[in-house]
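Next up, model18.csv (CSV, C-alpha atoms):
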```csv
chain,number,residue,atom,x,y,z
O,5,MET,CA,1.1,-19.8,-0.9
O,6,ARG,CA,-1.2,-22.7,-1.6
O,7,PRO,CA,-4.0,-23.2,0.9
O,8,ALA,CA,-3.3,-25.8,3.5
O,9,PRO,CA,-5.4,-27.2,6.4
O,10,VAL,CA,-5.0,-25.3,9.6
O,11,ASP,CA,-5.7,-27.4,12.7
O,12,LEU,CA,-5.2,-24.7,15.3
O,13,PRO,CA,-7.2,-21.6,15.7
O,14,VAL,CA,-5.8,-18.7,13.7
O,15,THR,CA,-5.3,-15.1,14.8
O,16,CYS,CA,-6.1,-13.2,11.6
O,17,HIS,CA,-7.7,-9.9,11.0
O,18,GLN,CA,-9.4,-9.9,7.6
O,19,ARG,CA,-9.9,-6.8,5.5
O,20,PRO,CA,-13.4,-5.5,5.0
O,21,THR,CA,-15.2,-6.9,2.1
O,22,ARG,CA,-15.6,-4.7,-1.0
O,23,PRO,CA,-18.6,-3.9,-3.1
O,24,SER,CA,-20.1,-6.9,-4.8
O,25,ARG,CA,-18.7,-6.2,-8.3
O,26,THR,CA,-16.8,-8.9,-10.3
O,27,VAL,CA,-13.3,-7.7,-9.6
O,28,ALA,CA,-14.0,-6.3,-6.1
O,29,ALA,CA,-15.5,-9.6,-5.0
O,30,ALA,CA,-12.5,-11.5,-6.4
O,31,ILE,CA,-9.9,-9.2,-4.8
O,32,GLY,CA,-11.9,-9.0,-1.6
O,33,THR,CA,-11.4,-12.7,-1.0
O,34,LEU,CA,-7.6,-12.3,-1.2
O,35,ALA,CA,-7.3,-11.9,2.5
O,36,ALA,CA,-9.3,-15.1,3.3
O,37,ALA,CA,-7.2,-17.1,0.8
O,38,ALA,CA,-4.0,-15.6,2.2
O,39,LEU,CA,-5.1,-16.6,5.7
O,40,ALA,CA,-5.5,-20.2,4.6
O,41,ALA,CA,-2.2,-20.0,2.9
O,42,GLY,CA,-0.1,-18.7,5.7
O,43,CYS,CA,-1.6,-17.4,8.9
O,44,SER,CA,0.1,-17.3,12.3
O,45,VAL,CA,-1.5,-19.8,14.6
O,46,ALA,CA,-2.7,-18.9,18.0
O,47,GLY,CA,0.2,-19.0,20.5
O,48,ALA,CA,2.9,-18.9,17.8
O,49,SER,CA,5.8,-16.5,18.4
O,50,PRO,CA,9.0,-15.6,16.6
O,51,GLY,CA,11.9,-18.1,17.1
O,52,SER,CA,13.9,-21.0,15.8
O,53,PRO,CA,12.1,-24.4,16.0
O,54,ALA,CA,14.0,-27.6,16.5
O,55,ASP,CA,14.5,-28.1,12.8
O,56,GLY,CA,16.6,-24.9,12.6
O,57,THR,CA,14.1,-22.7,10.7
O,58,THR,CA,13.3,-19.3,11.9
O,59,THR,CA,9.6,-18.2,12.2
O,60,ILE,CA,8.7,-14.7,11.1
O,61,THR,CA,5.2,-13.3,11.3
O,62,VAL,CA,4.3,-10.7,8.7
O,63,ALA,CA,1.4,-8.3,9.1
O,64,ALA,CA,0.0,-7.3,5.7
O,65,ALA,CA,-3.1,-6.2,3.9
O,66,PRO,CA,-2.9,-8.5,0.8
O,67,GLY,CA,-3.0,-6.8,-2.5
O,68,VAL,CA,-1.0,-6.1,-5.7
O,69,ASP,CA,1.8,-4.4,-3.9
O,70,ASP,CA,2.8,-7.3,-1.7
O,71,ALA,CA,2.1,-10.1,-4.2
O,72,PRO,CA,5.8,-11.2,-4.1
O,73,LEU,CA,5.4,-11.9,-0.4
O,74,TYR,CA,3.0,-14.7,-1.3
O,75,LEU,CA,5.1,-15.7,-4.3
O,76,ALA,CA,8.1,-16.2,-2.0
O,77,GLY,CA,6.1,-18.6,0.1
O,78,GLN,CA,4.6,-20.4,-2.9
O,79,ASP,CA,7.8,-21.0,-4.8
O,80,GLY,CA,9.8,-22.0,-1.7
O,81,ALA,CA,12.1,-18.9,-1.5
O,82,PHE,CA,11.4,-18.4,2.2
O,83,LYS,CA,11.8,-22.1,2.9
O,84,SER,CA,15.1,-22.2,1.1
O,85,ALA,CA,16.3,-19.4,3.2
O,86,GLY,CA,15.5,-21.3,6.4
O,87,LEU,CA,12.4,-19.2,7.2
O,88,ASP,CA,8.9,-20.2,8.2
O,89,VAL,CA,6.9,-17.1,7.2
O,90,HIS,CA,3.4,-16.7,8.5
O,91,VAL,CA,1.2,-13.9,7.0
O,92,VAL,CA,-1.5,-12.3,9.1
O,93,ALA,CA,-4.0,-10.0,7.3
O,94,TYR,CA,-4.9,-6.8,9.1
O,95,GLN,CA,-7.5,-4.1,8.2
O,96,SER,CA,-5.2,-1.1,8.4
O,97,VAL,CA,-1.7,0.1,8.8
O,98,GLY,CA,-2.6,1.4,12.3
O,99,GLN,CA,-3.4,-2.2,13.3
O,100,GLU,CA,-0.2,-3.4,11.8
O,101,LEU,CA,1.8,-0.8,13.7
O,102,ARG,CA,0.1,-1.9,17.0
O,103,ALA,CA,1.0,-5.5,16.1
O,104,LEU,CA,4.6,-4.6,15.7
O,105,ALA,CA,4.7,-2.6,18.9
O,106,ASP,CA,3.0,-5.4,20.9
O,107,GLY,CA,5.3,-8.1,19.4
O,108,LYS,CA,2.4,-9.9,17.6
O,109,ALA,CA,4.2,-9.3,14.3
O,110,ASP,CA,7.9,-9.2,13.4
O,111,VAL,CA,7.5,-7.5,10.0
O,112,ALA,CA,4.8,-5.3,8.6
O,113,ALA,CA,4.0,-4.4,5.0
O,114,GLY,CA,2.5,-1.1,4.1
O,115,ASP,CA,2.8,2.3,2.4
O,116,TYR,CA,5.8,4.5,3.1
O,117,VAL,CA,3.8,7.6,3.9
O,118,ASP,CA,2.0,6.0,6.9
O,119,PHE,CA,5.1,4.2,8.2
O,120,PHE,CA,7.3,7.3,7.9
O,121,TYR,CA,4.7,9.3,9.7
O,122,ALA,CA,4.6,6.7,12.5
O,123,GLN,CA,8.4,6.8,12.7
O,124,ALA,CA,8.4,10.6,13.1
O,125,HIS,CA,5.6,10.5,15.8
O,126,ASN,CA,6.2,7.3,17.7
O,127,SER,CA,9.8,6.9,19.1
O,128,ARG,CA,8.8,3.6,20.8
O,129,LEU,CA,8.6,1.8,17.4
O,130,ASN,CA,12.0,2.9,16.2
O,131,LEU,CA,11.2,1.4,12.8
O,132,ARG,CA,13.7,-0.2,10.5
O,133,ILE,CA,13.2,-0.8,6.7
O,134,VAL,CA,13.5,-4.5,6.0
O,135,ALA,CA,12.9,-4.4,2.3
O,136,ASP,CA,11.6,-2.1,-0.5
O,137,GLY,CA,8.4,-3.5,-1.7
O,138,TYR,CA,6.6,-1.7,-4.6
O,139,HIS,CA,7.2,1.3,-6.9
O,140,ALA,CA,4.7,3.2,-9.0
O,141,ALA,CA,4.3,2.8,-12.7
O,142,PRO,CA,1.9,4.6,-15.1
O,143,GLY,CA,-1.7,3.8,-14.3
O,144,VAL,CA,-1.4,2.4,-10.7
O,145,MET,CA,-2.8,5.5,-9.0
O,146,GLU,CA,-5.2,7.8,-10.7
O,147,VAL,CA,-7.9,10.4,-10.4
O,148,LEU,CA,-10.9,9.2,-12.3
O,149,THR,CA,-14.3,10.6,-13.2
O,150,LEU,CA,-17.4,9.5,-15.1
O,151,PRO,CA,-17.2,9.6,-18.9
O,152,THR,CA,-20.0,12.1,-19.0
O,153,SER,CA,-18.3,14.5,-16.6
O,154,SER,CA,-17.3,18.0,-17.6
O,155,ILE,CA,-13.9,17.4,-15.9
O,156,THR,CA,-11.4,16.5,-18.6
O,157,THR,CA,-8.2,18.1,-17.3
O,158,PRO,CA,-6.5,18.5,-13.9
O,159,GLN,CA,-7.3,22.2,-14.0
O,160,ASP,CA,-11.0,21.3,-14.1
O,161,LEU,CA,-10.7,19.8,-10.6
O,162,GLU,CA,-10.6,23.3,-9.1
O,163,GLY,CA,-13.5,23.7,-6.7
O,164,LYS,CA,-14.5,20.1,-7.1
O,165,THR,CA,-14.9,17.3,-4.5
O,166,VAL,CA,-12.6,14.3,-5.0
O,167,GLY,CA,-13.3,11.1,-3.0
O,168,THR,CA,-10.1,9.7,-1.5
O,169,PRO,CA,-9.2,6.7,0.7
O,170,GLU,CA,-9.8,7.5,4.3
O,171,PRO,CA,-6.6,8.1,6.4
O,172,GLN,CA,-5.2,5.2,8.3
O,173,VAL,CA,-2.5,6.8,10.5
O,174,ILE,CA,-2.2,10.5,9.6
O,175,PRO,CA,-4.8,12.8,11.2
O,176,ILE,CA,-6.7,15.1,8.8
O,177,GLN,CA,-5.3,18.7,9.1
O,178,LYS,CA,-6.3,21.8,7.2
O,179,ASN,CA,-4.4,22.2,3.9
O,180,ALA,CA,-2.3,19.1,4.3
O,181,PRO,CA,-2.6,15.7,2.7
O,182,TYR,CA,-3.3,12.7,4.9
O,183,GLY,CA,-2.0,9.6,3.1
O,184,LEU,CA,0.0,8.2,0.2
O,185,GLU,CA,-2.6,9.0,-2.4
O,186,THR,CA,-3.2,12.6,-1.4
O,187,VAL,CA,0.5,13.4,-1.0
O,188,ALA,CA,1.3,12.1,-4.5
O,189,THR,CA,-1.7,13.7,-6.2
O,190,GLN,CA,-1.2,17.1,-4.5
O,191,SER,CA,2.3,17.1,-5.9
O,192,VAL,CA,1.0,16.5,-9.4
O,193,LEU,CA,-1.7,19.1,-9.1
O,194,GLU,CA,0.8,21.6,-7.9
O,195,ASN,CA,2.8,21.1,-11.1
O,196,ASP,CA,-0.3,21.2,-13.3
O,197,LEU,CA,-2.1,24.1,-11.5
O,198,GLY,CA,1.1,26.0,-10.7
O,199,VAL,CA,0.0,26.3,-7.1
O,200,ASP,CA,-0.6,24.0,-4.1
O,201,PRO,CA,-4.3,23.1,-4.6
O,202,ALA,CA,-4.9,23.6,-0.9
O,203,GLN,CA,-3.8,27.3,-1.2
O,204,LEU,CA,-6.2,28.2,-4.0
O,205,PRO,CA,-8.9,30.8,-3.0
O,206,ILE,CA,-11.9,29.4,-1.2
O,207,GLY,CA,-14.3,28.1,-3.8
O,208,ARG,CA,-11.6,27.1,-6.1
O,209,GLN,CA,-9.8,24.7,-3.8
O,210,VAL,CA,-9.8,21.0,-4.6
O,211,LYS,CA,-11.8,19.4,-1.8
O,212,TRP,CA,-10.7,15.9,-0.6
O,213,ARG,CA,-13.5,13.8,0.8
O,214,PRO,CA,-12.1,10.7,2.7
O,215,MET,CA,-14.2,7.5,2.8
O,216,PRO,CA,-13.6,3.7,2.9
O,217,SER,CA,-11.8,2.6,-0.3
O,218,GLY,CA,-14.6,0.2,-1.0
O,219,ALA,CA,-17.2,3.0,-1.1
O,220,LEU,CA,-15.4,5.3,-3.6
O,221,ILE,CA,-16.7,3.7,-6.8
O,222,ASN,CA,-20.3,3.9,-5.7
O,223,ALA,CA,-19.8,7.5,-4.5
O,224,LEU,CA,-18.7,8.4,-8.0
O,225,LYS,CA,-21.5,6.4,-9.6
O,226,ASN,CA,-24.1,8.1,-7.4
O,227,HIS,CA,-22.6,11.6,-8.0
O,228,GLN,CA,-21.7,12.1,-4.4
O,229,VAL,CA,-18.2,13.2,-5.6
O,230,SER,CA,-17.0,14.7,-8.8
O,231,ALA,CA,-14.0,12.4,-9.1
O,232,ILE,CA,-12.2,9.7,-7.1
O,233,LEU,CA,-8.6,9.0,-6.3
O,234,ILE,CA,-7.8,5.3,-6.3
O,235,GLN,CA,-5.2,2.6,-6.8
O,236,GLU,CA,-5.4,-0.7,-8.5
O,237,PRO,CA,-7.3,-3.0,-8.5
O,238,TYR,CA,-10.0,-0.3,-8.0
O,239,ILE,CA,-8.9,1.5,-11.1
O,240,TYR,CA,-9.7,-1.5,-13.3
O,241,GLU,CA,-13.0,-2.0,-11.5
O,242,ALA,CA,-14.1,1.6,-12.0
O,243,GLU,CA,-13.1,1.5,-15.7
O,244,SER,CA,-14.8,-1.8,-16.4
O,245,GLN,CA,-18.0,-1.1,-14.4
O,246,LEU,CA,-18.5,2.6,-14.9
O,247,GLY,CA,-16.4,3.4,-18.0
O,248,ALA,CA,-14.5,5.8,-15.7
O,249,VAL,CA,-11.8,7.9,-17.4
O,250,GLU,CA,-8.5,9.3,-16.2
O,251,VAL,CA,-8.2,12.9,-15.2
O,252,LEU,CA,-4.6,12.6,-14.0
O,253,ASP,CA,-2.0,10.0,-13.2
O,254,SER,CA,-0.9,10.6,-9.6
O,255,CYS,CA,2.5,9.0,-10.2
O,256,SER,CA,3.8,11.1,-13.1
O,257,GLY,CA,6.2,13.9,-13.5
O,258,ALA,CA,7.9,14.5,-10.1
O,259,THR,CA,6.2,11.4,-8.7
O,260,ALA,CA,7.0,9.0,-11.5
O,261,SER,CA,8.3,5.7,-10.2
O,262,LEU,CA,7.6,6.9,-6.7
O,263,PRO,CA,8.3,4.2,-4.0
O,264,LEU,CA,4.9,3.3,-2.6
O,265,SER,CA,5.3,0.5,0.0
O,266,GLY,CA,7.8,-1.6,1.8
O,267,TYR,CA,8.4,-3.9,4.7
O,268,PHE,CA,9.3,-2.7,8.2
O,269,ALA,CA,10.3,-4.1,11.6
O,270,THR,CA,11.0,-2.6,14.9
O,271,GLY,CA,14.6,-1.7,15.7
O,272,SER,CA,14.5,-4.1,18.6
O,273,PHE,CA,13.6,-7.1,16.3
O,274,ALA,CA,16.1,-6.1,13.6
O,275,HIS,CA,18.9,-5.7,16.2
O,276,LYS,CA,18.2,-9.1,17.8
O,277,ASN,CA,17.6,-10.9,14.5
O,278,PRO,CA,19.9,-9.5,11.9
O,279,ASP,CA,20.4,-12.8,10.1
O,280,ALA,CA,16.7,-13.4,9.9
O,281,VAL,CA,16.1,-9.9,8.6
O,282,GLU,CA,18.7,-10.4,5.9
O,283,ASP,CA,17.4,-13.8,5.0
O,284,PHE,CA,13.9,-12.4,4.7
O,285,ARG,CA,15.1,-9.5,2.5
O,286,SER,CA,17.1,-11.8,0.2
O,287,ALA,CA,14.3,-14.3,-0.2
O,288,LEU,CA,11.8,-11.6,-0.9
O,289,GLN,CA,14.1,-9.9,-3.4
O,290,ARG,CA,14.5,-13.2,-5.3
O,291,ALA,CA,10.7,-13.4,-5.5
O,292,GLN,CA,10.5,-9.7,-6.6
O,293,ALA,CA,13.0,-10.5,-9.4
O,294,VAL,CA,10.7,-13.3,-10.6
O,295,ALA,CA,7.9,-10.8,-10.4
O,296,VAL,CA,9.5,-8.6,-13.1
O,297,GLN,CA,7.6,-10.9,-15.5
O,298,PRO,CA,3.8,-10.3,-15.1
O,299,GLY,CA,2.9,-14.0,-15.3
O,300,PRO,CA,4.0,-15.1,-11.8
O,301,VAL,CA,2.2,-12.1,-10.2
O,302,GLU,CA,-0.9,-12.7,-12.2
O,303,ALA,CA,-0.9,-16.3,-11.1
O,304,VAL,CA,-0.5,-15.3,-7.5
O,305,LEU,CA,-3.4,-12.8,-7.7
O,306,ALA,CA,-5.6,-15.4,-9.5
O,307,HIS,CA,-4.7,-18.2,-7.1
O,308,ASN,CA,-5.1,-16.1,-3.9
O,309,SER,CA,-8.2,-14.1,-5.0
O,310,GLY,CA,-10.1,-16.5,-7.2
O,311,MET,CA,-10.2,-14.0,-10.1
O,312,SER,CA,-9.6,-15.4,-13.6
O,313,MET,CA,-6.2,-15.2,-15.1
O,314,GLU,CA,-7.7,-12.9,-17.8
O,315,THR,CA,-8.9,-10.4,-15.2
O,316,ALA,CA,-5.6,-10.6,-13.3
O,317,SER,CA,-3.7,-9.8,-16.5
O,318,LEU,CA,-5.7,-6.6,-17.0
O,319,VAL,CA,-4.9,-5.1,-13.6
O,320,THR,CA,-2.0,-2.6,-14.0
O,321,ILE,CA,1.0,-3.7,-11.9
O,322,GLY,CA,3.8,-1.4,-10.8
O,323,ALA,CA,7.5,-2.3,-10.2
O,324,TYR,CA,8.9,-4.6,-7.6
O,325,PRO,CA,12.4,-3.4,-6.7
O,326,THR,CA,15.2,-6.0,-6.1
O,327,SER,CA,17.4,-3.7,-4.0
O,328,LEU,CA,17.0,-1.3,-1.1
O,329,ASP,CA,18.0,2.2,-1.9
O,330,ALA,CA,17.6,4.7,0.9
O,331,ALA,CA,18.1,7.7,-1.5
O,332,SER,CA,15.1,6.5,-3.6
O,333,LEU,CA,12.9,6.2,-0.5
O,334,GLN,CA,14.0,9.7,0.7
O,335,ARG,CA,11.8,11.1,-2.2
O,336,VAL,CA,8.7,10.1,-0.2
O,337,ALA,CA,9.9,11.7,3.0
O,338,GLY,CA,10.8,14.8,1.0
O,339,LEU,CA,7.3,15.1,-0.5
O,340,MET,CA,5.8,14.6,3.0
O,341,PHE,CA,7.9,17.5,4.4
O,342,ASN,CA,7.1,19.7,1.4
O,343,PHE,CA,3.4,19.3,2.0
O,344,SER,CA,3.6,19.7,5.8
O,345,VAL,CA,2.8,16.0,6.6
O,346,LEU,CA,6.1,15.9,8.4
O,347,GLY,CA,7.2,18.8,10.5
O,348,GLN,CA,10.9,18.1,9.8
O,349,THR,CA,12.9,16.1,7.3
O,350,LEU,CA,13.1,12.4,8.1
O,351,ASN,CA,16.5,10.7,7.6
O,352,VAL,CA,15.4,7.5,5.8
O,353,ALA,CA,19.0,6.2,5.6
O,354,GLY,CA,19.0,6.0,9.4
O,355,MET,CA,16.1,3.6,9.2
O,356,VAL,CA,18.1,1.1,7.1
O,357,GLY,CA,20.1,-1.5,9.1
O,358,PRO,CA,19.8,-2.8,12.7
```

Let's see the structure in the file written out as structure tokens.
Amino acid sequence: MRPAPVDLPVTCHQRPTRPSRTVAAAIGTLAAAALAAGCSVAGASPGSPADGTTTITVAAAPGVDDAPLYLAGQDGAFKSAGLDVHVVAYQSVGQELRALADGKADVAAGDYVDFFYAQAHNSRLNLRIVADGYHAAPGVMEVLTLPTSSITTPQDLEGKTVGTPEPQVIPIQKNAPYGLETVATQSVLENDLGVDPAQLPIGRQVKWRPMPSGALINALKNHQVSAILIQEPYIYEAESQLGAVEVLDSCSGATASLPLSGYFATGSFAHKNPDAVEDFRSALQRAQAVAVQPGPVEAVLAHNSGMSMETASLVTIGAYPTSLDAASLQRVAGLMFNFSVLGQTLNVAGMVGP
């Protein structure tokens, strides 16, 4: 969305700034630009104004995965659907979930692992999947190390410490992953090592060290960890600034094309506003169809973040699905159950519809 003057005070929660590197600084301004482009104003609430449009407030952490959300506002897809969509940037999925529960947001965008965990552990939310958002492609989530490292294969990670993004919703438990990245990577490591890495003998176990995403590259640079597990745009930053090299692709083999993130609403909102939910999904999917071509996404990233088009074109982008397939999303819930993140199988199909 193009920045526009906002006369009323805004209620926005910006993401923390990232390290002052070229790409990090550019992407780090995405939240601020998104706020100017479409924040909910103080006192605003879901509803249908006199002109017949329906207002929907979306809680999001702006990034590559939800670029079509901003594209749909910029190219008029939401407006054509009779929607006035306001995007509010939050620091974490946990804050987004609280915004949904408190009625401060109607829709929230985020990774499936955290939202599925919340569904399994918070019956009050009764989450519904509004739209599928982003799927993996080669190079969007990787374990990287320094070019001088002795780690050259996944097997070399045995006994090493890997920096990972800190958990947002899932508590850290012994021998269990605690987020999207660790769930996907543990699956790949199990295939490569032939055993769950958490079950290796003490001394040979892969040690996850959670920390803020913005601190991971410096941790690798300063040899605080042997490798880091990151997504784009951090991958491009690590490669361009440190010459970091890939040890493994976390979305390969059994996790190839893994659904990564989507859009959620509470069951209460979906039940009361079925037409608005359908209109939102349809408009977003039209924007996601446009995003099949990299140019529109790169333009959104460049416009919202201030990065150059050249830099935006070098960030690896996954796939934006144009339909909602519960069976595809069930893969994520299955991985979570297999690695004890969920105590029982989650029926994803039951989360589709009002």

Nearby residues, (-20.1, 8.5, -18.3) file frame, 10 Å, all atoms listed in the file, as a PyMOL selection string: chain O and resi 149-154+225+246-249

Expected file: the selected residues, C-alpha atoms, as an mmCIF file, in the coordinates of the input:
```
data_model
loop_
_atom_site.group_PDB
_atom_site.id
_atom_site.type_symbol
_atom_site.label_atom_id
_atom_site.label_comp_id
_atom_site.auth_asym_id
_atom_site.auth_seq_id
_atom_site.Cartn_x
_atom_site.Cartn_y
_atom_site.Cartn_z
ATOM 1 C CA THR O 149 -14.300 10.600 -13.200
ATOM 2 C CA LEU O 150 -17.400 9.500 -15.100
ATOM 3 C CA PRO O 151 -17.200 9.600 -18.900
ATOM 4 C CA THR O 152 -20.000 12.100 -19.000
ATOM 5 C CA SER O 153 -18.300 14.500 -16.600
ATOM 6 C CA SER O 154 -17.300 18.000 -17.600
ATOM 7 C CA LYS O 225 -21.500 6.400 -9.600
ATOM 8 C CA LEU O 246 -18.500 2.600 -14.900
ATOM 9 C CA GLY O 247 -16.400 3.400 -18.000
ATOM 10 C CA ALA O 248 -14.500 5.800 -15.700
ATOM 11 C CA VAL O 249 -11.800 7.900 -17.400
#
```

Given all atoms listed in the file as the counted atoms, nearest of O:Leu252, O:Val281, O:Ala316, O:Val134 to Gln159 in chain O: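 When distances to Gln159 in chain O are compared using all atoms listed in the file, the smallest one comes from O:Leu252.
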
Residues within 12 Å of (8.9, -18.8, 1.5), counting all atoms listed in the file, listed as an MDAnalysis selection string: chainID O and resid 5:6 41:42 57:62 72:91 283:291

All residues 10 Å or closer to Leu318 in chain O, only C-alpha atoms, same chain fewer than 2 positions away omitted, as a list in words: Pro237, Tyr240, Glu302, Met313, Glu314, Thr315, Ala316, Thr320 and Ile321 of chain O

Shell of 9 Å around Pro216 in chain O, only C-alpha atoms, local chain residues under 6 positions omitted, as number ranges by chain: O: 168-171

Exercise: Asn195 in chain O partners within 12 Å, all atoms listed in the file, chain neighbours under 3 positions left out, as a ChimeraX atom specification: /O:158-159,188-192,198-201,252,254,256-259

Proximity to Gly354 in chain O - best of O:Ile133, O:Ala93, O:Ala323, O:Ala306, all atoms listed in the file: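 When distances to Gly354 in chain O are compared using all atoms listed in the file, the smallest one comes from O:Ile133.
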
Among the residues O:Leu305, O:Ile239, O:Ala295, O:Leu328, the one that comes closest to Asp253 in chain O [using only C-alpha atoms]: O:Ile239

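Take the candidates O:Val97, O:Phe268, O:Glu146, O:Tyr138 and check each one against Leu193 in chain O using all atoms listed in the file; the shortest distance goes to O:Glu146.
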
Starting from the incomplete input, reconstruct N, CA, C and O atoms of range 253-269 of chain O and report them as a short mmCIF file (atom, residue, chain, number, x, y, z; two decimals), keeping the file's coordinate frame.
```
data_model
loop_
_atom_site.label_atom_id
_atom_site.label_comp_id
_atom_site.auth_asym_id
_atom_site.auth_seq_id
_atom_site.Cartn_x
_atom_site.Cartn_y
_atom_site.Cartn_z
N ASP O 253 -2.73 11.14 -13.74
CA ASP O 253 -2.00 10.00 -13.20
C ASP O 253 -1.21 10.59 -11.97
O ASP O 253 -0.37 11.48 -12.12
N SER O 254 -1.50 10.08 -10.79
CA SER O 254 -0.90 10.60 -9.60
C SER O 254 0.58 10.31 -9.43
O SER O 254 1.26 10.89 -8.59
N CYS O 255 1.07 9.37 -10.22
CA CYS O 255 2.50 9.00 -10.20
C CYS O 255 3.11 9.32 -11.53
O CYS O 255 3.48 8.42 -12.30
N SER O 256 3.19 10.61 -11.81
CA SER O 256 3.80 11.10 -13.10
C SER O 256 4.56 12.34 -12.77
O SER O 256 4.39 12.98 -11.72
N GLY O 257 5.42 12.72 -13.70
CA GLY O 257 6.20 13.90 -13.50
C GLY O 257 7.16 13.69 -12.27
O GLY O 257 7.93 12.74 -12.22
N ALA O 258 7.06 14.58 -11.30
CA ALA O 258 7.90 14.50 -10.10
C ALA O 258 7.70 13.25 -9.29
O ALA O 258 8.57 12.84 -8.52
N THR O 259 6.53 12.63 -9.44
CA THR O 259 6.20 11.40 -8.70
C THR O 259 6.33 10.15 -9.49
O THR O 259 5.92 9.08 -9.04
N ALA O 260 6.86 10.23 -10.70
CA ALA O 260 7.00 9.00 -11.50
C ALA O 260 7.94 8.03 -10.80
O ALA O 260 8.94 8.42 -10.18
N SER O 261 7.58 6.77 -10.86
CA SER O 261 8.30 5.70 -10.20
C SER O 261 8.50 5.89 -8.72
O SER O 261 9.45 5.40 -8.11
N LEU O 262 7.57 6.59 -8.11
CA LEU O 262 7.60 6.90 -6.70
C LEU O 262 7.56 5.56 -5.87
O LEU O 262 6.70 4.72 -6.12
N PRO O 263 8.44 5.37 -4.90
CA PRO O 263 8.30 4.20 -4.00
C PRO O 263 6.99 4.30 -3.24
O PRO O 263 6.67 5.35 -2.67
N LEU O 264 6.23 3.23 -3.23
CA LEU O 264 4.90 3.30 -2.60
C LEU O 264 4.83 2.49 -1.31
O LEU O 264 4.20 2.95 -0.36
N SER O 265 5.42 1.32 -1.26
CA SER O 265 5.30 0.50 0.00
C SER O 265 6.53 -0.33 0.21
O SER O 265 7.32 -0.57 -0.70
N GLY O 266 6.66 -0.75 1.46
CA GLY O 266 7.80 -1.60 1.80
C GLY O 266 7.51 -2.41 3.05
O GLY O 266 6.35 -2.51 3.50
N TYR O 267 8.55 -3.00 3.59
CA TYR O 267 8.40 -3.90 4.70
C TYR O 267 9.26 -3.37 5.88
O TYR O 267 10.42 -2.98 5.71
N PHE O 268 8.66 -3.36 7.07
CA PHE O 268 9.30 -2.70 8.20
C PHE O 268 9.30 -3.68 9.43
O PHE O 268 8.45 -4.56 9.56
N ALA O 269 10.27 -3.46 10.30
CA ALA O 269 10.30 -4.10 11.60
C ALA O 269 10.73 -3.11 12.64
O ALA O 269 11.17 -2.01 12.31
#
```
